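Some notes on the structure that comes next.
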Amino acid sequence: MMYTNQENDNYSIQTVRYLLSDITLHTDNGTSTLLDDVHFIDLSIDSTLTLHIAEIVDKNYTAISFTLGLNTINNKTDSFLNENFFPSFAWPEFLGGGYHYMQLEGDLNTVFNGYATHTGGTNGLDFSFTKNFPIALNMENANSTVIINMEINNWYSNPNTISLTTDGIMGDEDKQTLLQANGVTDVFSLFYTYTIH
């Protein structure tokens, strides 16, 4: 039990899987470059932790944005049949179908008591959210690295204190709303570097 949240739940982390969609770089003149429409991250699969972009057209970028999960238009069960997250990431049809946004799982207080924090489009409602971070990247003659960090404990703490449960909270619209608000606030952070060549 390596982690403790504000509810004093002691927990471990065994599974971290989530979708980022519409990962986009923005310029100061209003243009944008879509880096990936859907990217599946699985902490246990190293190849999913990095997104390599060989070359992009614009040179100066002032922001990067992405969405956790999929918006209602894109979150259809048959939309990603050939992706490596299908079918294990499919959201149950009786809860609205589509796909999970995130699966966060581990043990709670003892190794005999598991928890599951699953987010997704519960009952057809859209609990995805978009983050936009300012950056100052001049891509001309430079190789850049942008790191998106997810602070797992913050899912349970700010602004809403959430207690871990064993039911996955998949069918609980109120809990999904609280998780969404916490995700918007400070779950994600970003930093970047670039090397002149």
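Every chain in the structure tokens has a letter given in the order shown (A, B, ...), and although residue numbers restart at 1 in each chain, ligands are simply numbered from 1 in the order shown.
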
Next item on the list: Pull the strand (DSSP E) assignments for chain A out of DSSP run on the backbone, and list those residues as a PyMOL selection string.
Entry: chain A and resi 3-4+10-11+15-26+32-42+60-68+100-108+110-120+129-138+142-150+188-196

Produce a file of the selected residues containing C-alpha atoms, as a PDB file, in the first residue's frame.
ATOM      1  CA  TYR A   3      -0.235   5.652  -1.532  1.00  0.00           C
ATOM      2  CA  THR A   4      -2.656   7.422   0.811  1.00  0.00           C
ATOM      3  CA  ASN A  10      -4.134   3.204   1.667  1.00  0.00           C
ATOM      4  CA  TYR A  11      -3.836   1.813  -1.825  1.00  0.00           C
ATOM      5  CA  THR A  15      -3.378  -1.007 -13.550  1.00  0.00           C
ATOM      6  CA  VAL A  16      -3.242   2.418 -15.181  1.00  0.00           C
ATOM      7  CA  ARG A  17      -4.817   2.651 -18.620  1.00  0.00           C
ATOM      8  CA  TYR A  18      -6.413   5.675 -20.260  1.00  0.00           C
ATOM      9  CA  LEU A  19      -7.204   7.388 -23.557  1.00  0.00           C
ATOM     10  CA  LEU A  20      -6.031  10.808 -24.672  1.00  0.00           C
ATOM     11  CA  SER A  21      -7.717  12.156 -27.775  1.00  0.00           C
ATOM     12  CA  ASP A  22      -7.273  15.168 -30.059  1.00  0.00           C
ATOM     13  CA  ILE A  23      -3.683  15.821 -28.975  1.00  0.00           C
ATOM     14  CA  THR A  24      -3.035  19.123 -30.743  1.00  0.00           C
ATOM     15  CA  LEU A  25      -0.346  21.795 -30.990  1.00  0.00           C
ATOM     16  CA  HIS A  26      -1.521  25.398 -31.456  1.00  0.00           C
ATOM     17  CA  SER A  32      -3.173  23.931 -35.227  1.00  0.00           C
ATOM     18  CA  THR A  33      -1.479  20.591 -35.855  1.00  0.00           C
ATOM     19  CA  LEU A  34      -3.211  17.379 -34.786  1.00  0.00           C
ATOM     20  CA  LEU A  35      -0.572  15.008 -33.398  1.00  0.00           C
ATOM     21  CA  ASP A  36      -2.886  12.058 -32.688  1.00  0.00           C
ATOM     22  CA  ASP A  37      -6.652  11.632 -32.738  1.00  0.00           C
ATOM     23  CA  VAL A  38      -6.654   8.814 -30.142  1.00  0.00           C
ATOM     24  CA  HIS A  39      -3.703   7.600 -28.074  1.00  0.00           C
ATOM     25  CA  PHE A  40      -4.061   4.657 -25.658  1.00  0.00           C
ATOM     26  CA  ILE A  41      -1.725   4.643 -22.650  1.00  0.00           C
ATOM     27  CA  ASP A  42      -1.106   1.475 -20.635  1.00  0.00           C
ATOM     28  CA  ASN A  60       6.309  28.247 -33.359  1.00  0.00           C
ATOM     29  CA  TYR A  61       3.810  26.772 -30.922  1.00  0.00           C
ATOM     30  CA  THR A  62       2.144  28.524 -28.023  1.00  0.00           C
ATOM     31  CA  ALA A  63      -0.135  25.802 -26.595  1.00  0.00           C
ATOM     32  CA  ILE A  64      -0.853  22.100 -26.537  1.00  0.00           C
ATOM     33  CA  SER A  65      -4.269  20.596 -25.819  1.00  0.00           C
ATOM     34  CA  PHE A  66      -5.714  17.124 -25.339  1.00  0.00           C
ATOM     35  CA  THR A  67      -8.895  15.477 -24.117  1.00  0.00           C
ATOM     36  CA  LEU A  68      -9.068  12.751 -21.490  1.00  0.00           C
ATOM     37  CA  HIS A 100     -13.619   3.761 -20.944  1.00  0.00           C
ATOM     38  CA  TYR A 101     -11.678   6.983 -20.497  1.00  0.00           C
ATOM     39  CA  MET A 102      -9.549   5.469 -17.745  1.00  0.00           C
ATOM     40  CA  GLN A 103      -9.096   2.266 -15.746  1.00  0.00           C
ATOM     41  CA  LEU A 104      -7.205   2.715 -12.478  1.00  0.00           C
ATOM     42  CA  GLU A 105      -7.039  -0.394 -10.295  1.00  0.00           C
ATOM     43  CA  GLY A 106      -5.143  -1.895  -7.385  1.00  0.00           C
ATOM     44  CA  ASP A 107      -5.507  -3.029  -3.785  1.00  0.00           C
ATOM     45  CA  LEU A 108      -7.257  -1.037  -1.073  1.00  0.00           C
ATOM     46  CA  THR A 110      -5.125  -4.954   2.180  1.00  0.00           C
ATOM     47  CA  VAL A 111      -4.101  -7.224  -0.678  1.00  0.00           C
ATOM     48  CA  PHE A 112      -7.443  -9.009  -0.290  1.00  0.00           C
ATOM     49  CA  ASN A 113      -9.557  -5.957  -1.144  1.00  0.00           C
ATOM     50  CA  GLY A 114      -9.310  -4.520  -4.657  1.00  0.00           C
ATOM     51  CA  TYR A 115     -10.565  -1.147  -5.885  1.00  0.00           C
ATOM     52  CA  ALA A 116     -11.417   0.073  -9.370  1.00  0.00           C
ATOM     53  CA  THR A 117     -11.723   3.686 -10.512  1.00  0.00           C
ATOM     54  CA  HIS A 118     -13.206   3.551 -13.998  1.00  0.00           C
ATOM     55  CA  THR A 119     -14.283   6.659 -15.886  1.00  0.00           C
ATOM     56  CA  GLY A 120     -16.340   6.858 -19.042  1.00  0.00           C
ATOM     57  CA  PHE A 129     -12.646  16.991 -20.496  1.00  0.00           C
ATOM     58  CA  THR A 130     -10.051  18.992 -22.389  1.00  0.00           C
ATOM     59  CA  LYS A 131      -6.861  20.470 -20.983  1.00  0.00           C
ATOM     60  CA  ASN A 132      -4.944  23.289 -22.663  1.00  0.00           C
ATOM     61  CA  PHE A 133      -1.413  24.156 -21.568  1.00  0.00           C
ATOM     62  CA  PRO A 134       0.618  27.165 -22.725  1.00  0.00           C
ATOM     63  CA  ILE A 135       4.016  26.342 -24.186  1.00  0.00           C
ATOM     64  CA  ALA A 136       6.717  28.277 -26.004  1.00  0.00           C
ATOM     65  CA  LEU A 137       8.282  25.952 -28.561  1.00  0.00           C
ATOM     66  CA  ASN A 138      10.265  27.099 -31.553  1.00  0.00           C
ATOM     67  CA  ALA A 142      15.253  21.900 -32.526  1.00  0.00           C
ATOM     68  CA  ASN A 143      14.159  18.528 -31.195  1.00  0.00           C
ATOM     69  CA  SER A 144      11.439  18.889 -28.557  1.00  0.00           C
ATOM     70  CA  THR A 145      10.162  16.656 -25.784  1.00  0.00           C
ATOM     71  CA  VAL A 146       6.818  17.372 -24.137  1.00  0.00           C
ATOM     72  CA  ILE A 147       6.023  15.436 -20.956  1.00  0.00           C
ATOM     73  CA  ILE A 148       2.379  15.055 -19.879  1.00  0.00           C
ATOM     74  CA  ASN A 149       2.211  13.945 -16.240  1.00  0.00           C
ATOM     75  CA  MET A 150      -0.836  12.420 -14.542  1.00  0.00           C
ATOM     76  CA  PHE A 188      -2.493  16.720 -15.369  1.00  0.00           C
ATOM     77  CA  SER A 189       0.617  18.849 -15.617  1.00  0.00           C
ATOM     78  CA  LEU A 190       3.068  19.456 -18.414  1.00  0.00           C
ATOM     79  CA  PHE A 191       6.686  20.393 -18.962  1.00  0.00           C
ATOM     80  CA  TYR A 192       8.855  20.440 -22.030  1.00  0.00           C
ATOM     81  CA  THR A 193      12.419  20.686 -23.249  1.00  0.00           C
ATOM     82  CA  TYR A 194      14.032  21.211 -26.606  1.00  0.00           C
ATOM     83  CA  THR A 195      17.510  20.593 -27.906  1.00  0.00           C
ATOM     84  CA  ILE A 196      19.025  22.763 -30.639  1.00  0.00           C
TER      85      ILE A 196
END

Note to self: I need the helix (DSSP H, G or I) residues of region 48-196 of chain A per DSSP on the backbone, written as a PyMOL selection string.
What the structure shows: chain A and resi 48-49+77-80+93-95+122-124+152-156+173-187

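Nearest to Ile169 (chain A) of all the residues A:Asn154, A:Ser128, A:Gln14, A:Thr122 is A:Thr122, based on only C-alpha atoms.
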
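Nearest-residue note for Ser12 (chain A): choosing from A:Asn109, A:Asn158, A:Phe127, A:Val184, the minimum distance belongs to A:Asn109, counting only C-alpha atoms.
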
Next item on the list: Identify, on the basis of only C-alpha atoms, every residue whose closest approach to Leu125 (chain A) does not exceed 8 Å; exclude the query and any residue fewer than 3 positions from it along the same chain; express the result as an MDAnalysis selection string.
Entry: chainID A and resid 72 96 121:122

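We find CA of Thr161 (chain A) and CA of Phe89 (chain A) to be spaced 26.2 Å apart.
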